[in-house]
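The structure file query.pdb is reproduced below (PDB, C-alpha atoms, pLDDT in the B column).
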```
ATOM      1  CA  MET P   5     113.544  -8.484  11.679  1.00 61.00           C
ATOM      2  CA  ASN P   6     115.737  -7.450   9.047  1.00 78.00           C
ATOM      3  CA  ASN P   7     113.926  -8.735   6.076  1.00 82.00           C
ATOM      4  CA  PRO P   8     115.858  -8.196   2.861  1.00 83.00           C
ATOM      5  CA  ALA P   9     112.648  -7.967   0.834  1.00 83.00           C
ATOM      6  CA  LEU P  10     111.410  -5.056   2.953  1.00 80.00           C
ATOM      7  CA  GLU P  11     114.615  -3.159   2.418  1.00 81.00           C
ATOM      8  CA  GLN P  12     114.114  -3.277  -1.320  1.00 82.00           C
ATOM      9  CA  LEU P  13     110.747  -1.524  -1.132  1.00 82.00           C
ATOM     10  CA  ARG P  14     110.636   2.073  -2.216  1.00 83.00           C
ATOM     11  CA  ASP P  15     108.013   4.832  -1.763  1.00 86.00           C
ATOM     12  CA  ILE P  16     105.047   4.733  -4.125  1.00 86.00           C
ATOM     13  CA  HIS P  17     105.263   7.443  -6.778  1.00 86.00           C
ATOM     14  CA  LEU P  18     101.991   8.701  -8.249  1.00 87.00           C
ATOM     15  CA  PRO P  19     101.781   9.208 -12.007  1.00 87.00           C
ATOM     16  CA  GLN P  20     102.033  12.743 -13.324  1.00 87.00           C
ATOM     17  CA  ALA P  21      98.775  14.768 -13.509  1.00 86.00           C
ATOM     18  CA  VAL P  22      96.967  14.735 -16.828  1.00 83.00           C
ATOM     19  CA  HIS P  23      97.597  17.979 -18.707  1.00 83.00           C
ATOM     20  CA  TRP P  24      94.685  20.084 -19.947  1.00 83.00           C
ATOM     21  CA  TRP P  25      96.233  20.307 -23.396  1.00 85.00           C
ATOM     22  CA  PRO P  26      95.472  18.747 -25.821  1.00 85.00           C
ATOM     23  CA  PRO P  27      91.789  18.325 -24.951  1.00 87.00           C
ATOM     24  CA  ALA P  28      89.909  15.148 -25.547  1.00 88.00           C
ATOM     25  CA  PRO P  29      88.164  14.703 -28.938  1.00 92.00           C
ATOM     26  CA  GLY P  30      84.762  15.396 -27.347  1.00 94.00           C
ATOM     27  CA  TRP P  31      85.866  18.902 -26.396  1.00 92.00           C
ATOM     28  CA  TRP P  32      87.025  19.548 -29.963  1.00 94.00           C
ATOM     29  CA  ILE P  33      83.555  18.585 -31.188  1.00 96.00           C
ATOM     30  CA  VAL P  34      81.882  20.865 -28.628  1.00 96.00           C
ATOM     31  CA  ALA P  35      84.191  23.750 -29.619  1.00 96.00           C
ATOM     32  CA  ALA P  36      83.440  23.215 -33.319  1.00 97.00           C
ATOM     33  CA  LEU P  37      79.684  23.169 -32.632  1.00 98.00           C
ATOM     34  CA  LEU P  38      79.914  26.371 -30.577  1.00 98.00           C
ATOM     35  CA  LEU P  39      81.915  28.063 -33.321  1.00 98.00           C
ATOM     36  CA  ALA P  40      79.403  26.977 -35.962  1.00 98.00           C
ATOM     37  CA  LEU P  41      76.485  28.166 -33.818  1.00 98.00           C
ATOM     38  CA  THR P  42      78.156  31.532 -33.238  1.00 98.00           C
ATOM     39  CA  ILE P  43      78.768  32.013 -36.963  1.00 98.00           C
ATOM     40  CA  TRP P  44      75.193  31.006 -37.835  1.00 98.00           C
ATOM     41  CA  VAL P  45      73.651  33.349 -35.211  1.00 98.00           C
ATOM     42  CA  SER P  46      75.779  36.298 -36.309  1.00 97.00           C
ATOM     43  CA  ARG P  47      74.891  35.736 -39.981  1.00 96.00           C
ATOM     44  CA  TYR P  48      71.204  35.362 -39.121  1.00 94.00           C
ATOM     45  CA  PHE P  49      71.091  38.642 -37.205  1.00 94.00           C
ATOM     46  CA  ARG P  50      73.118  40.482 -39.849  1.00 92.00           C
ATOM     47  CA  ALA P  51      70.764  39.273 -42.587  1.00 86.00           C
ATOM     48  CA  ARG P  52      67.736  40.154 -40.462  1.00 84.00           C
ATOM     49  CA  TYR P  53      69.096  43.642 -39.891  1.00 86.00           C
ATOM     50  CA  ARG P  54      69.697  44.115 -43.613  1.00 81.00           C
ATOM     51  CA  ARG P  55      66.200  42.870 -44.438  1.00 76.00           C
ATOM     52  CA  GLN P  56      64.626  45.274 -41.977  1.00 80.00           C
ATOM     53  CA  TYR P  57      66.847  48.301 -42.571  1.00 84.00           C
ATOM     54  CA  PHE P  58      64.809  49.510 -45.547  1.00 82.00           C
ATOM     55  CA  ARG P  59      61.679  49.541 -43.389  1.00 84.00           C
ATOM     56  CA  GLY P  60      63.064  52.142 -40.957  1.00 87.00           C
ATOM     57  CA  GLU P  61      64.506  54.223 -43.758  1.00 90.00           C
ATOM     58  CA  SER P  62      61.195  54.131 -45.636  1.00 90.00           C
ATOM     59  CA  GLN P  63      59.260  55.158 -42.545  1.00 92.00           C
ATOM     60  CA  ASP P  64      61.637  58.077 -41.998  1.00 94.00           C
ATOM     61  CA  LEU P  65      61.230  59.179 -45.613  1.00 95.00           C
ATOM     62  CA  LEU P  66      57.447  58.872 -45.351  1.00 95.00           C
ATOM     63  CA  LYS P  67      57.501  61.039 -42.226  1.00 95.00           C
ATOM     64  CA  GLU P  68      59.596  63.595 -44.110  1.00 95.00           C
ATOM     65  CA  ILE P  69      57.127  63.560 -47.032  1.00 94.00           C
ATOM     66  CA  TRP P  70      54.274  64.080 -44.579  1.00 95.00           C
ATOM     67  CA  GLN P  71      55.997  67.024 -42.888  1.00 93.00           C
ATOM     68  CA  ASN P  72      56.773  68.610 -46.272  1.00 92.00           C
ATOM     69  CA  TYR P  73      53.134  68.158 -47.278  1.00 91.00           C
ATOM     70  CA  GLN P  74      51.897  69.828 -44.136  1.00 89.00           C
ATOM     71  CA  GLN P  75      54.242  72.781 -44.662  1.00 88.00           C
ATOM     72  CA  ASP P  76      53.317  73.087 -48.350  1.00 84.00           C
ATOM     73  CA  HIS P  77      49.630  72.768 -47.541  1.00 79.00           C
ATOM     74  CA  GLU P  78      49.837  75.617 -45.032  1.00 80.00           C
ATOM     75  CA  GLN P  79      51.884  77.840 -47.376  1.00 80.00           C
ATOM     76  CA  GLN P  80      49.754  77.165 -50.465  1.00 73.00           C
ATOM     77  CA  ALA P  81      46.300  77.333 -48.919  1.00 66.00           C
ATOM     78  CA  GLU P  82      44.778  78.587 -52.164  1.00 66.00           C
ATOM     79  CA  ASN P  83      46.604  76.052 -54.382  1.00 67.00           C
ATOM     80  CA  SER P  84      46.654  72.988 -52.167  1.00 71.00           C
ATOM     81  CA  ALA P  85      45.880  70.667 -55.099  1.00 73.00           C
ATOM     82  CA  SER P  86      49.536  70.962 -56.109  1.00 80.00           C
ATOM     83  CA  ALA P  87      50.669  70.020 -52.610  1.00 83.00           C
ATOM     84  CA  ASP P  88      48.189  67.109 -52.629  1.00 85.00           C
ATOM     85  CA  ARG P  89      49.527  65.855 -55.947  1.00 85.00           C
ATOM     86  CA  ASP P  90      53.122  66.049 -54.729  1.00 88.00           C
ATOM     87  CA  PHE P  91      52.213  64.248 -51.501  1.00 90.00           C
ATOM     88  CA  ILE P  92      50.408  61.420 -53.296  1.00 89.00           C
ATOM     89  CA  GLU P  93      53.100  61.126 -55.987  1.00 90.00           C
ATOM     90  CA  ASN P  94      55.954  61.057 -53.496  1.00 92.00           C
ATOM     91  CA  THR P  95      54.185  58.587 -51.215  1.00 92.00           C
ATOM     92  CA  LEU P  96      53.423  56.180 -54.064  1.00 90.00           C
ATOM     93  CA  ALA P  97      56.995  56.503 -55.371  1.00 90.00           C
ATOM     94  CA  LEU P  98      58.316  55.730 -51.888  1.00 91.00           C
ATOM     95  CA  LEU P  99      56.067  52.680 -51.580  1.00 87.00           C
ATOM     96  CA  ARG P 100      57.259  51.437 -54.974  1.00 85.00           C
ATOM     97  CA  ARG P 101      60.888  51.948 -53.981  1.00 84.00           C
ATOM     98  CA  ALA P 102      60.383  50.172 -50.676  1.00 83.00           C
ATOM     99  CA  GLY P 103      58.594  47.368 -52.491  1.00 78.00           C
ATOM    100  CA  LYS P 104      61.415  47.054 -54.970  1.00 77.00           C
ATOM    101  CA  THR P 105      63.869  46.905 -52.116  1.00 74.00           C
ATOM    102  CA  ALA P 106      61.775  44.319 -50.351  1.00 70.00           C
ATOM    103  CA  GLN P 107      61.196  42.409 -53.605  1.00 60.00           C
ATOM    104  CA  LEU P 108      57.544  42.325 -52.736  1.00 47.00           C
ATOM    105  CA  SER P 109      55.106  40.985 -55.251  1.00 38.00           C
ATOM    106  CA  ALA P 110      51.845  42.808 -54.677  1.00 37.00           C
ATOM    107  CA  ALA P 111      49.573  40.874 -56.996  1.00 41.00           C
ATOM    108  CA  SER P 112      48.382  37.613 -55.483  1.00 43.00           C
ATOM    109  CA  ASN P 113      48.292  35.525 -58.655  1.00 39.00           C
ATOM    110  CA  SER P 114      50.789  37.178 -60.954  1.00 39.00           C
ATOM    111  CA  GLU P 115      54.453  37.948 -61.266  1.00 42.00           C
ATOM    112  CA  GLU P 116      53.825  41.696 -61.476  1.00 51.00           C
ATOM    113  CA  HIS P 117      56.061  43.522 -59.039  1.00 56.00           C
ATOM    114  CA  LEU P 118      55.130  46.544 -56.999  1.00 57.00           C
ATOM    115  CA  GLN P 119      57.646  48.716 -58.812  1.00 56.00           C
ATOM    116  CA  SER P 120      55.855  48.354 -62.135  1.00 62.00           C
ATOM    117  CA  MET P 121      52.315  48.551 -60.758  1.00 65.00           C
ATOM    118  CA  PRO P 122      50.162  51.355 -62.086  1.00 73.00           C
ATOM    119  CA  SER P 123      49.066  53.810 -59.432  1.00 77.00           C
ATOM    120  CA  GLN P 124      45.486  52.504 -59.437  1.00 81.00           C
ATOM    121  CA  ALA P 125      46.606  48.919 -58.756  1.00 82.00           C
ATOM    122  CA  LEU P 126      48.926  50.117 -56.010  1.00 82.00           C
ATOM    123  CA  LEU P 127      46.088  52.099 -54.447  1.00 85.00           C
ATOM    124  CA  GLU P 128      43.864  49.017 -54.589  1.00 85.00           C
ATOM    125  CA  THR P 129      46.577  47.020 -52.827  1.00 82.00           C
ATOM    126  CA  LEU P 130      46.826  49.718 -50.156  1.00 84.00           C
ATOM    127  CA  ASP P 131      43.039  49.678 -49.775  1.00 86.00           C
ATOM    128  CA  GLU P 132      43.094  45.897 -49.445  1.00 86.00           C
ATOM    129  CA  HIS P 133      45.678  46.212 -46.684  1.00 83.00           C
ATOM    130  CA  SER P 134      43.604  48.817 -44.847  1.00 85.00           C
ATOM    131  CA  ALA P 135      40.458  46.643 -45.119  1.00 86.00           C
ATOM    132  CA  GLY P 136      38.631  49.357 -47.054  1.00 86.00           C
ATOM    133  CA  LYS P 137      39.586  52.190 -44.717  1.00 87.00           C
ATOM    134  CA  LEU P 138      41.322  54.112 -47.496  1.00 86.00           C
ATOM    135  CA  SER P 139      38.473  53.876 -50.007  1.00 85.00           C
ATOM    136  CA  ALA P 140      35.956  54.764 -47.295  1.00 87.00           C
ATOM    137  CA  ALA P 141      37.812  57.981 -46.479  1.00 86.00           C
ATOM    138  CA  LEU P 142      38.596  58.911 -50.051  1.00 83.00           C
ATOM    139  CA  PRO P 143      37.562  57.157 -53.270  1.00 83.00           C
ATOM    140  CA  LEU P 144      40.498  55.588 -55.084  1.00 83.00           C
ATOM    141  CA  GLN P 145      39.504  57.190 -58.385  1.00 82.00           C
ATOM    142  CA  ASP P 146      39.721  60.592 -56.720  1.00 80.00           C
ATOM    143  CA  ILE P 147      43.308  59.879 -55.782  1.00 81.00           C
ATOM    144  CA  GLY P 148      44.093  58.962 -59.382  1.00 77.00           C
ATOM    145  CA  GLU P 149      42.308  62.098 -60.534  1.00 77.00           C
ATOM    146  CA  ARG P 150      44.447  64.212 -58.226  1.00 78.00           C
ATOM    147  CA  LEU P 151      47.565  62.696 -59.762  1.00 78.00           C
ATOM    148  CA  TYR P 152      46.749  63.372 -63.394  1.00 78.00           C
ATOM    149  CA  ARG P 153      44.478  66.408 -63.479  1.00 75.00           C
ATOM    150  CA  ALA P 154      45.848  69.860 -62.872  1.00 71.00           C
ATOM    151  CA  GLU P 155      42.602  71.093 -61.361  1.00 72.00           C
ATOM    152  CA  SER P 156      41.046  68.840 -58.776  1.00 73.00           C
ATOM    153  CA  LYS P 157      39.553  69.107 -55.315  1.00 76.00           C
ATOM    154  CA  ALA P 158      41.987  69.471 -52.472  1.00 77.00           C
ATOM    155  CA  LEU P 159      42.330  66.686 -49.939  1.00 80.00           C
ATOM    156  CA  SER P 160      40.723  67.320 -46.590  1.00 83.00           C
ATOM    157  CA  PRO P 161      43.064  66.990 -43.593  1.00 85.00           C
ATOM    158  CA  GLU P 162      41.270  63.761 -42.594  1.00 88.00           C
ATOM    159  CA  GLN P 163      41.746  62.266 -46.069  1.00 87.00           C
ATOM    160  CA  ALA P 164      45.426  63.174 -46.160  1.00 88.00           C
ATOM    161  CA  GLN P 165      45.907  61.785 -42.647  1.00 91.00           C
ATOM    162  CA  CYS P 166      44.137  58.556 -43.660  1.00 91.00           C
ATOM    163  CA  PHE P 167      46.337  58.145 -46.755  1.00 90.00           C
ATOM    164  CA  TYR P 168      49.458  58.765 -44.663  1.00 92.00           C
ATOM    165  CA  SER P 169      48.415  56.354 -41.897  1.00 91.00           C
ATOM    166  CA  VAL P 170      47.549  53.583 -44.387  1.00 90.00           C
ATOM    167  CA  ALA P 171      50.917  53.945 -46.137  1.00 90.00           C
ATOM    168  CA  LYS P 172      52.696  54.021 -42.778  1.00 90.00           C
ATOM    169  CA  SER P 173      50.895  50.935 -41.470  1.00 89.00           C
ATOM    170  CA  TRP P 174      51.602  49.081 -44.706  1.00 86.00           C
ATOM    171  CA  LEU P 175      55.330  49.771 -44.374  1.00 86.00           C
ATOM    172  CA  LYS P 176      55.201  48.522 -40.776  1.00 84.00           C
ATOM    173  CA  SER P 177      53.048  45.487 -41.509  1.00 80.00           C
ATOM    174  CA  LYS P 178      54.186  41.907 -41.572  1.00 65.00           C
ATOM    175  CA  ASP P 179      52.743  41.587 -45.082  1.00 63.00           C
ATOM    176  CA  PHE P 180      55.535  43.843 -46.310  1.00 64.00           C
ATOM    177  CA  LYS P 181      58.358  41.281 -46.136  1.00 51.00           C
ATOM    178  CA  PRO P 182      61.297  40.868 -48.456  1.00 44.00           C
ATOM    179  CA  GLY P 183      60.922  37.909 -50.775  1.00 40.00           C
ATOM    180  CA  LYS P 184      57.370  37.064 -49.693  1.00 41.00           C
ATOM    181  CA  GLN P 185      54.299  37.288 -51.841  1.00 41.00           C
ATOM    182  CA  THR P 186      51.006  38.627 -50.602  1.00 43.00           C
ATOM    183  CA  GLY P 187      48.284  36.078 -50.916  1.00 42.00           C
ATOM    184  CA  GLY P 188      49.134  32.465 -51.382  1.00 38.00           C
ATOM    185  CA  ALA P 189      49.203  30.255 -54.378  1.00 37.00           C
ATOM    186  CA  SER P 190      47.498  27.007 -53.429  1.00 32.00           C
TER     187      SER P 190
END
```

Could I get this file's structure written as structure tokens?
Amino acid sequence: MNNPALEQLRDIHLPQAVHWWPPAPGWWIVAALLLALTIWVSRYFRARYRRQYFRGESQDLLKEIWQNYQQDHEQQAENSASADRDFIENTLALLRRAGKTAQLSAASNSEEHLQSMPSQALLETLDEHSAGKLSAALPLQDIGERLYRAESKALSPEQAQCFYSVAKSWLKSKDFKPGKQTGGAS
């Protein structure tokens, strides 16, 4: 039973295990796609944060203007027209600044930007946003009169609160977006 062919047989050796490095080309493609997706998502959220940052800052400044108005109104009970004028002036200036930051075009069919809008046009835009709530509480011409006349009627607390709430809701609204125009050109 001594077979010479059997004596020449050796144990079977398995090939070495496949190493994990370098990965197959498919894994390189998956890694590149994940890297690209990560970069895109981070840039998207950074840009979104930058676009929305002005909104929070503007709302904080508007709240500060409102608190200053309330303090001035209480201290100057006899001369509240001055406090009213400051409140309206500062609020409109803040809305213009926020609009400039947001690059918002307020006029539906023109290239006129919010920053260069006269106060009356800005008030009309605010009234449009509030669906007439602002002009129902206080005529828009009266607001303009309070800005430019030294002696005018004082705002009632309800009128001042309405003006503040309309400005605040406009800053929060989706219509107040950077780079977008209100109204659409067909």

Proximity of stretch 119-147 of chain P to stretch 71-92 of chain P: per-residue shortest pair, 12 Å limit, only C-alpha atoms, as JSON lines:
```
{"residue": "P:Ser123", "atom": "CA", "partner": "P:Ile92", "partner_atom": "CA", "distance": 9.9}
{"residue": "P:Gln124", "atom": "CA", "partner": "P:Ile92", "partner_atom": "CA", "distance": 11.9}
{"residue": "P:Leu126", "atom": "CA", "partner": "P:Ile92", "partner_atom": "CA", "distance": 11.7}
{"residue": "P:Leu127", "atom": "CA", "partner": "P:Ile92", "partner_atom": "CA", "distance": 10.3}
{"residue": "P:Leu144", "atom": "CA", "partner": "P:Ile92", "partner_atom": "CA", "distance": 11.6}
{"residue": "P:Asp146", "atom": "CA", "partner": "P:Arg89", "partner_atom": "CA", "distance": 11.2}
{"residue": "P:Ile147", "atom": "CA", "partner": "P:Ile92", "partner_atom": "CA", "distance": 7.7}
```

Put the listed atoms of stretch 19-31 of chain P in a box along x, y and z with 8 Å added on every side and give me the centre and edge lengths in Å to one decimal, as lines of an AutoDock Vina configuration file.
```
center_x = 93.4
center_y = 14.8
center_z = -20.5
size_x = 33.3
size_y = 27.1
size_z = 32.9
```

Separation of atom CA of P:Asp64 from atom CA of P:Ser173 in Å: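 Atom-to-atom, atom CA of P:Ser173 to atom CA of P:Asp64, that is 12.9 Å.
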
Atomic separation - atom CA of P:Ala164 relative to atom CA of P:Gln56, Å: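 Atom CA of P:Ala164 lies 26.6 Å from atom CA of P:Gln56.
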
Coordinates-based distance that separates atom CA of P:Gln63 from atom CA of P:Lys176 (Å, one decimal):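 According to the coordinates, atom CA of P:Lys176 and atom CA of P:Gln63 are separated by 8.0 Å.
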
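Nearest residue to P:Arg101, choosing from P:Leu175, P:Cys166, P:Ala125, P:Ile16 and counting all atoms listed in the file: P:Leu175.
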
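Nearest-residue note for P:Trp70: choosing from P:Gln165, P:Trp24, P:Glu132, P:Trp174, the minimum distance belongs to P:Gln165, counting only C-alpha atoms.
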
Given the PyMOL selection byres ((chain P and resi 128) around 12), the residues it picks as a list in words: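 What the PyMOL selection byres ((chain P and resi 128) around 12) grabs from the file is Leu96, Ala110, Ala111, Leu118, Met121, Pro122, Ser123, Gln124, Ala125, Leu126, Leu127, Thr129, Leu130, Asp131, Glu132, His133, Ser134, Ala135, Gly136, Lys137, Leu138, Ser139, Pro143, Leu144, Gln145, Ile147, Gly148 and Val170 of chain P.
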
Reference answer for the PyMOL selection byres ((chain P and resi 41-55) around 10), as a list in words: Ala35, Ala36, Leu37, Leu38, Leu39, Ala40, Gln56, Tyr57, Phe58, Arg59, Thr105, Ala106, Lys181, Pro182 and Gly183 of chain P

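Distance annotation: of P:Ala158, P:Ala171, P:Ile33, P:Ala140, the residue with the minimal separation from P:Ala97 is P:Ala171; atom set is only C-alpha atoms.
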
Assuming the input is short of atoms at stretch 52-71 of chain P, produce N, CA, C and O atoms for that part as a tab-separated table (two decimals), in the coordinates of the input.
```
chain	number	residue	atom	x	y	z
P	52	ARG	N	69.00	39.60	-40.95
P	52	ARG	CA	67.74	40.15	-40.46
P	52	ARG	C	67.81	41.67	-40.41
P	52	ARG	O	66.87	42.37	-40.80
P	53	TYR	N	68.92	42.19	-39.94
P	53	TYR	CA	69.10	43.64	-39.89
P	53	TYR	C	69.04	44.24	-41.29
P	53	TYR	O	68.37	45.24	-41.52
P	54	ARG	N	69.71	43.61	-42.24
P	54	ARG	CA	69.70	44.12	-43.61
P	54	ARG	C	68.31	44.06	-44.23
P	54	ARG	O	67.93	44.93	-44.99
P	55	ARG	N	67.56	42.98	-43.90
P	55	ARG	CA	66.20	42.87	-44.44
P	55	ARG	C	65.28	43.94	-43.87
P	55	ARG	O	64.37	44.39	-44.53
P	56	GLN	N	65.52	44.33	-42.64
P	56	GLN	CA	64.63	45.27	-41.98
P	56	GLN	C	65.09	46.73	-42.07
P	56	GLN	O	64.33	47.63	-41.73
P	57	TYR	N	66.30	46.95	-42.53
P	57	TYR	CA	66.85	48.30	-42.57
P	57	TYR	C	66.02	49.21	-43.46
P	57	TYR	O	65.75	50.36	-43.12
P	58	PHE	N	65.58	48.69	-44.61
P	58	PHE	CA	64.81	49.51	-45.55
P	58	PHE	C	63.52	50.00	-44.91
P	58	PHE	O	63.02	51.07	-45.22
P	59	ARG	N	62.96	49.20	-44.02
P	59	ARG	CA	61.68	49.54	-43.39
P	59	ARG	C	61.82	50.83	-42.56
P	59	ARG	O	61.00	51.74	-42.69
P	60	GLY	N	62.85	50.93	-41.75
P	60	GLY	CA	63.06	52.14	-40.96
P	60	GLY	C	63.36	53.34	-41.82
P	60	GLY	O	62.86	54.45	-41.58
P	61	GLU	N	64.19	53.13	-42.84
P	61	GLU	CA	64.51	54.22	-43.76
P	61	GLU	C	63.25	54.70	-44.49
P	61	GLU	O	63.04	55.90	-44.65
P	62	SER	N	62.43	53.77	-44.93
P	62	SER	CA	61.20	54.13	-45.64
P	62	SER	C	60.24	54.89	-44.73
P	62	SER	O	59.60	55.85	-45.15
P	63	GLN	N	60.14	54.46	-43.48
P	63	GLN	CA	59.26	55.16	-42.54
P	63	GLN	C	59.76	56.58	-42.27
P	63	GLN	O	58.96	57.51	-42.16
P	64	ASP	N	61.08	56.74	-42.19
P	64	ASP	CA	61.64	58.08	-42.00
P	64	ASP	C	61.35	58.96	-43.21
P	64	ASP	O	60.98	60.14	-43.06
P	65	LEU	N	61.52	58.41	-44.41
P	65	LEU	CA	61.23	59.18	-45.61
P	65	LEU	C	59.74	59.53	-45.71
P	65	LEU	O	59.38	60.63	-46.13
P	66	LEU	N	58.89	58.60	-45.32
P	66	LEU	CA	57.45	58.87	-45.35
P	66	LEU	C	57.10	59.99	-44.37
P	66	LEU	O	56.30	60.88	-44.68
P	67	LYS	N	57.73	59.97	-43.21
P	67	LYS	CA	57.50	61.04	-42.23
P	67	LYS	C	57.95	62.38	-42.79
P	67	LYS	O	57.29	63.40	-42.61
P	68	GLU	N	59.09	62.36	-43.49
P	68	GLU	CA	59.60	63.60	-44.11
P	68	GLU	C	58.64	64.10	-45.19
P	68	GLU	O	58.37	65.30	-45.28
P	69	ILE	N	58.10	63.19	-46.00
P	69	ILE	CA	57.13	63.56	-47.03
P	69	ILE	C	55.89	64.17	-46.38
P	69	ILE	O	55.35	65.17	-46.85
P	70	TRP	N	55.45	63.58	-45.29
P	70	TRP	CA	54.27	64.08	-44.58
P	70	TRP	C	54.52	65.48	-44.02
P	70	TRP	O	53.67	66.37	-44.14
P	71	GLN	N	55.69	65.70	-43.43
P	71	GLN	CA	56.00	67.02	-42.89
P	71	GLN	C	56.09	68.06	-44.00
P	71	GLN	O	55.60	69.19	-43.85
```
